[in-house]
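Please read the structure below before turning to the comments.
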Amino acid sequence: AMEGGPSVRIREGDCAVLKRDEVFKAVSVLRRRKIIFEKQWFYLDNAIGHIYGTTFEVTSGGNLQPKQEVEETTTETKEAGTDNRNIVDDGKSQKLTHDDIKALKDKGIKGQEIVQQLIENSTTFRDKTEFAQDKYIKKKKKKYEAVITIVKPSTRILSTMYYAREPGKINHLRYDTLAQMLTLGNIHAGNKMIVVETCAGLVLGAVMERMGGYGSIIQMYPGGGPVRAATSCFGFPKPFFDNLHEFPLSKVQSLLSGTFTTETLPADSEDNSLVEEESNGLSEEKRTSLQETEEEPATEAPMESNPTEEQDTMDINAEDVEFKENKEKENKENVREKQIKQWERRKKLKEAAALLREKNADGLIVASKFHPTPLLLSLLEFVAPSRPFVVYCQYKEPLLDCYTKLRERGGVINLKLSETWLRNYQVLPDRSHPKLTMSGGGGYLLSGITVVLEKGKFDSSNSEALKMEEPSSKRCKLQDLPC
């Protein structure tokens, strides 16, 4: 199904997003795996094979059943009051007790019917205004109707989910700000993009989605390796990752100065120590299991006569020798595997370095927890002239600093520092209004376009001297005049 565009059916092993009202949660679709979402637990087995966007009801035993659309019976005119001023919330208006509702649930009566019963047994329902009645029904439905929609992940859904669930993981990058970044960065198929992000891979995923598997991306990462937790939630097909390269930020200076080698990989030592720790861990386990086998016969030994005791120790010695041989074999394999892995990493690193050396990237996207100035000043070297760059920061001060440094350095035009303002509206007949809560801030963006930087212009002593003499507008003209 992958060949003819993305499949729309839910398949085992997919990454899907559960939705209930405005709450999202990303999950892997696996059989017989209990999922807890919004105080409901269920299994996704029955969802497999259905189309994305299907709404399911949770039935007894945590099984999902596709929800049958029931026509709302609004033909007869509902009885409603003119206002709510005489309604007193004393908790006595509902005749059904907690136990009655529990009994209904245990009988396996559906949420819809429970809501109906609650309405019939409410003494104040018919006195409420129509709006209040709608609100009441909505509230009760949310409580008693276990309805879940399964949707296909996308940038919009995942960025909304992350922003609501774990904004800290994505540096409080709001979804509208991310949309602005993709637009300002002019991201489209066939681009060669440089992406620096510490947003769990969400920004990278958004760029990959826009590029649709065409073009190439070099992800610059801090530390031992790139983090791509959110990227894996998108469920991209394998070919999307063929042109995704990664390059450590710690190597950027050496690449620019021409001293770059792949001999000392930043994470080599870390990797080795990790592998060592793992193998130690394994041998620990084996050691303990061996000790147990040694101890067991020893405890039984006093009961029996001596010869068997000797027999046991001989067995253990034989086991020991065998174990050592296996261990050596394992170690050799481990070393071989490590060498292959290291060789592959070096090869990948060389490829990424070669791509960067061409210094013709079509754009640069930065959304990290690091100060943007040093990042930008070094990474703009790899971007071709007349290309956009976008930098996101949760606060505006670092971007202001970056703005002034770039202005001094030159080589960029159309520098813009912006913040988007977002407000949600409830849109319902006769009662559309802005939602009462709105987001305080979605972070700041600094965007601009690269131009060819005149050589010799950014020679600090030279530019300092010039700055003392003339304002910048005249300075350019002076340089252009023939002597």
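Identifiers for the structure tokens are assigned positionally: chains receive A, B, ... in sequence, residues are indexed from 1 per chain, and ligands are indexed from 1 in the order shown.
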Please give the complete set of residues from range 349-473 of chain A that DSSP, run on the backbone, assigns to strand (DSSP E or B), formatted as an NGL selection string. :A and (361 or 363-367 or 383 or 388-393 or 412-418 or 425-426 or 433-434 or 444-450)
Saved selection, atoms kept: C-alpha atoms, as an mmCIF file, in the first residue's frame:
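Result file is out-v9.cif:
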```cif
data_model
loop_
_atom_site.group_PDB
_atom_site.id
_atom_site.type_symbol
_atom_site.label_atom_id
_atom_site.label_comp_id
_atom_site.auth_asym_id
_atom_site.auth_seq_id
_atom_site.Cartn_x
_atom_site.Cartn_y
_atom_site.Cartn_z
ATOM 1 C CA ALA A 361 22.809 24.404 1.594
ATOM 2 C CA GLY A 363 18.486 26.852 4.113
ATOM 3 C CA LEU A 364 19.213 26.664 7.805
ATOM 4 C CA ILE A 365 16.722 25.991 10.594
ATOM 5 C CA VAL A 366 17.788 26.401 14.220
ATOM 6 C CA ALA A 367 15.560 25.578 17.195
ATOM 7 C CA VAL A 383 24.585 28.073 3.369
ATOM 8 C CA PRO A 388 16.658 31.803 3.980
ATOM 9 C CA PHE A 389 17.569 30.978 7.577
ATOM 10 C CA VAL A 390 15.255 30.840 10.598
ATOM 11 C CA VAL A 391 16.221 30.736 14.251
ATOM 12 C CA TYR A 392 13.778 29.951 17.020
ATOM 13 C CA CYS A 393 14.357 30.884 20.637
ATOM 14 C CA VAL A 412 22.610 38.877 5.564
ATOM 15 C CA ILE A 413 19.634 40.977 4.525
ATOM 16 C CA ASN A 414 15.973 41.216 5.453
ATOM 17 C CA LEU A 415 16.691 40.448 9.119
ATOM 18 C CA LYS A 416 13.442 40.195 11.025
ATOM 19 C CA LEU A 417 12.693 39.415 14.662
ATOM 20 C CA SER A 418 9.086 38.356 15.144
ATOM 21 C CA TYR A 425 -12.081 30.877 19.290
ATOM 22 C CA GLN A 426 -15.125 28.832 20.159
ATOM 23 C CA HIS A 433 -16.260 34.090 21.283
ATOM 24 C CA PRO A 434 -12.536 33.876 22.037
ATOM 25 C CA TYR A 444 10.464 34.273 18.980
ATOM 26 C CA LEU A 445 11.826 33.911 15.462
ATOM 27 C CA LEU A 446 14.767 35.586 13.816
ATOM 28 C CA SER A 447 14.723 35.175 10.054
ATOM 29 C CA GLY A 448 16.741 36.536 7.192
ATOM 30 C CA ILE A 449 18.336 35.838 3.833
ATOM 31 C CA THR A 450 22.003 35.186 3.161
#
```
Just list the residues in range 78-156 of chain A DSSP gives alpha helix (DSSP H) on the backbone, as an MDAnalysis selection string. chainID A and resid 98:106 111:120 130:144 155:156
Trp421 in chain A proximity check over A:Tyr403, A:Arg174, A:Glu397, A:Met193, using only C-alpha atoms: winner is A:Arg174
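Minimum distance to Leu18 in chain A across A:Ile157, A:Lys369, A:Gly81, A:Gly61 (counting only C-alpha atoms) occurs at A:Ile157.
Take CA of Leu256 in chain A and CA of Pro372 in chain A: the distance between them is 18.0 Å.
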Can you tell me, as a PyMOL selection string, what residues are no more than 10 Å from range 204-213 of chain A when counting only C-alpha atoms, ignoring any on the same chain fewer than 2 positions away? chain A and resi 154-156+158-159+178-179+181-182+185-202+215-219+227-244+365+367
